[in-house]
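Asker: Below is the structure I would like to discuss, written out as structure tokens.
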Amino acid sequence: MDSAESDAPREALQSVFHLRETHHDGDRVLFYGEALASRGTVIEEVWPAFREAGYEARLATTRSGAEDVVIAEPVSHGPDGVPWKNLGLFVATVLSTLFVGSVAWYYVPLEGIQRNPLLVLQAWPFTAAVLGVLSAHELGHYVVGRYHGVDVSLPYLIPFIFPFGTLGAIIRMRGQMPDRRALFDIGVAGPLAGLAATIVVTVVGLSLAPMTIPARVLQQSGEVIVFNNPPLLDLIAAAIGQPTSYTDPTKTVHPVIIGGWVGMFFTVLNLLPVGQLDGGHMLRAMLGERQETVAALVPLGLFGLAAYLHYGRGLGLNESVGLWAFWGLFATVIAYNGPADPIDETPLDTRRQAIGLLTFALGALCFLLVPIRIMGV
């Protein structure tokens, strides 16, 4: 990079930073000197010029603490080369969901899979449904993040074991957040895209013929996981006139519906208004720093919910008590770091505020006091 390319960032520093020297470190430009204002004020002042010149700007301190340094790094414009880690996790998650889906939801005997591994392909509709809703959610974040010029990664799918074969998907936001508008748009895009995919998958699943449970499965004893219906699932079923259960004990709903259930459940968790979760980002954009007050109450609410189910309704750890207690602990941890802080604190417009309220309302339709129960048979 020649000196002309860094003229705009250097000029932007004049009013808030006493510049002593400039160094080039590969594509990065390091401005050493002394900050003349607070960290937030410095970055807020220089951000527009740096962004226009194609850089992310952040303020740091040298190891000795003797000097401040403004670090300008080129804005990322997408994956650099083949995203092998993303692809590897995608393949691993496809395999894990195919295996779990075939054994748990399509009743393929384990010994049959050992003789012929291709039997797991029977579960491809389950895999497509589960990964479809999760990928739609994360790609919503990715596309809108790129639209706003924020450095976000492609989705990382997470393989797991029962009951779904995956723990979900995540993306990484490496760039700084320009303003509350971008923070809100990126935060809300995931739940809305995921819910759209969830509704489609649920309609398809409810329209498919029920599965027949093999006699060997009905005769087994042990524990089974019962997934209760969120209100949104019942509303969709009523709208298209399809049942969500059958009086015949040998019949059960098609496994594709599990993809819709997963989408609704993950929507509820992601919309918790705390930390780096989507709800935390959205509420930070909607309320500003007042979001911290709400976030502090979230763990208390989750612990209170677990206590109510245990002491008020006599339910055990396997009947969602443990689930909400775990999320109470998790919310406590992630509340410490908080959501992303935008550089520009200009309040949101009325339209975005309304979209935010609507999204939280849709999330409420996915909520259940007792979403999961583990029962003996």
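Residues are named by chain letter and number: chains run A, B, ... in the order of the structure tokens, numbers start at 1 in each chain, and ligands are numbered from 1 in the order shown.
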Hey, what's within 12 Å of Leu235 of chain A if we count only C-alpha atoms and toss same-chain stuff fewer than 3 positions away? As a PyMOL selection string, please?
Answerer: chain A and resi 199+202-203+206+229-232+238-244+362+365-366
Asker: Taking 6 positions as the minimum chain separation for residues in the same chain, which residues sit within 12 Å of Leu30 of chain A when counting only C-alpha atoms? Answer as a list in words.
Answerer: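 The filter keeps Ser6, Pro9, Arg10, Leu19, Arg20, Glu21, Thr22, His23, His24, Tyr55, Glu56, Ala57, Arg58, Leu59, Ala60, Thr61, Thr62, Glu67, Asp68, Val69, Val70, Ile71, Ala72, Glu73 and Pro74 of chain A.
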Asker: Taking only segment 122-170 of chain A into account, list the residues labelled strand (DSSP E or B) by DSSP (computed from the backbone), as number ranges by chain.
Answerer: A: 152, 156-159, 166-170
Asker: Store the residues of this selection in a file with N, CA, C and O atoms, as a CSV table (one decimal), in the first residue's frame.
Answerer:
chain,number,residue,atom,x,y,z
A,152,VAL,N,-18.1,-10.8,8.8
A,152,VAL,CA,-18.7,-12.0,9.5
A,152,VAL,C,-18.3,-13.2,8.7
A,152,VAL,O,-18.0,-13.2,7.5
A,156,TYR,N,-20.7,-21.9,10.8
A,156,TYR,CA,-20.1,-23.1,11.3
A,156,TYR,C,-21.1,-24.0,11.9
A,156,TYR,O,-21.7,-23.7,12.9
A,157,LEU,N,-21.4,-25.2,11.2
A,157,LEU,CA,-22.4,-26.1,11.7
A,157,LEU,C,-21.7,-27.0,12.8
A,157,LEU,O,-20.5,-27.3,12.6
A,158,ILE,N,-22.4,-27.4,13.8
A,158,ILE,CA,-21.7,-28.2,14.9
A,158,ILE,C,-22.3,-29.6,15.0
A,158,ILE,O,-23.5,-29.7,15.4
A,159,PRO,N,-21.6,-30.6,14.7
A,159,PRO,CA,-22.1,-32.0,14.8
A,159,PRO,C,-22.2,-32.4,16.2
A,159,PRO,O,-21.5,-31.9,17.1
A,166,THR,N,-27.0,-32.5,15.9
A,166,THR,CA,-26.3,-31.2,15.8
A,166,THR,C,-26.6,-30.4,17.0
A,166,THR,O,-27.7,-30.5,17.6
A,167,LEU,N,-25.7,-29.5,17.4
A,167,LEU,CA,-25.9,-28.5,18.4
A,167,LEU,C,-26.3,-27.2,17.8
A,167,LEU,O,-26.4,-26.2,18.6
A,168,GLY,N,-26.5,-27.1,16.5
A,168,GLY,CA,-26.8,-25.8,15.9
A,168,GLY,C,-25.7,-25.3,15.0
A,168,GLY,O,-24.9,-26.1,14.5
A,169,ALA,N,-25.7,-24.0,14.8
A,169,ALA,CA,-24.7,-23.4,14.0
A,169,ALA,C,-24.4,-22.0,14.5
A,169,ALA,O,-25.2,-21.4,15.2
A,170,ILE,N,-23.2,-21.5,14.2
A,170,ILE,CA,-22.8,-20.2,14.7
A,170,ILE,C,-22.1,-19.5,13.5
A,170,ILE,O,-21.6,-20.1,12.6
Asker: Would you kindly return, as a PDB file with N, CA and C atoms, in the first residue's frame, each protein, DNA or RNA residue with an atom no farther than 12 Å from any atom of Thr250 of chain A, considering only C-alpha atoms and excluding same-chain residues fewer than 4 positions away?
Answerer:
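Final output, saved to part00.pdb:
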ATOM      1  N   PRO A 210     -47.768 -40.054   7.845  1.00  0.00           N
ATOM      2  CA  PRO A 210     -47.137 -40.416   9.125  1.00  0.00           C
ATOM      3  C   PRO A 210     -46.212 -41.620   8.970  1.00  0.00           C
ATOM      4  N   MET A 211     -45.313 -41.748   9.929  1.00  0.00           N
ATOM      5  CA  MET A 211     -44.411 -42.890   9.965  1.00  0.00           C
ATOM      6  C   MET A 211     -45.068 -44.028  10.742  1.00  0.00           C
ATOM      7  N   THR A 212     -44.757 -45.251  10.361  1.00  0.00           N
ATOM      8  CA  THR A 212     -45.209 -46.430  11.096  1.00  0.00           C
ATOM      9  C   THR A 212     -44.085 -46.886  12.021  1.00  0.00           C
ATOM     10  N   ILE A 213     -44.394 -47.002  13.302  1.00  0.00           N
ATOM     11  CA  ILE A 213     -43.386 -47.410  14.277  1.00  0.00           C
ATOM     12  C   ILE A 213     -43.281 -48.934  14.249  1.00  0.00           C
ATOM     13  N   PRO A 214     -42.089 -49.482  14.042  1.00  0.00           N
ATOM     14  CA  PRO A 214     -41.948 -50.946  13.994  1.00  0.00           C
ATOM     15  C   PRO A 214     -42.351 -51.592  15.319  1.00  0.00           C
ATOM     16  N   ALA A 215     -42.827 -52.826  15.248  1.00  0.00           N
ATOM     17  CA  ALA A 215     -43.272 -53.551  16.447  1.00  0.00           C
ATOM     18  C   ALA A 215     -42.131 -53.711  17.447  1.00  0.00           C
ATOM     19  N   ARG A 216     -40.902 -53.940  16.954  1.00  0.00           N
ATOM     20  CA  ARG A 216     -39.767 -54.121  17.866  1.00  0.00           C
ATOM     21  C   ARG A 216     -39.524 -52.874  18.714  1.00  0.00           C
ATOM     22  N   VAL A 217     -39.818 -51.693  18.159  1.00  0.00           N
ATOM     23  CA  VAL A 217     -39.634 -50.444  18.892  1.00  0.00           C
ATOM     24  C   VAL A 217     -40.726 -50.292  19.944  1.00  0.00           C
ATOM     25  N   LEU A 218     -41.963 -50.631  19.579  1.00  0.00           N
ATOM     26  CA  LEU A 218     -43.078 -50.525  20.518  1.00  0.00           C
ATOM     27  C   LEU A 218     -42.911 -51.471  21.703  1.00  0.00           C
ATOM     28  N   GLN A 219     -42.214 -52.573  21.481  1.00  0.00           N
ATOM     29  CA  GLN A 219     -42.058 -53.574  22.541  1.00  0.00           C
ATOM     30  C   GLN A 219     -40.880 -53.266  23.464  1.00  0.00           C
ATOM     31  N   SER A 245     -50.615 -35.421  16.026  1.00  0.00           N
ATOM     32  CA  SER A 245     -50.481 -36.707  16.719  1.00  0.00           C
ATOM     33  C   SER A 245     -51.581 -37.633  16.206  1.00  0.00           C
ATOM     34  N   TYR A 246     -51.466 -38.902  16.552  1.00  0.00           N
ATOM     35  CA  TYR A 246     -52.400 -39.912  16.060  1.00  0.00           C
ATOM     36  C   TYR A 246     -52.849 -40.806  17.210  1.00  0.00           C
TER      37      TYR A 246
END
Asker: Quick one, how far is atom CA of Ala12 of chain A from atom CA of Val46 of chain A?
Answerer: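 One can read the atom CA of Ala12 of chain A to atom CA of Val46 of chain A distance as 5.3 Å.
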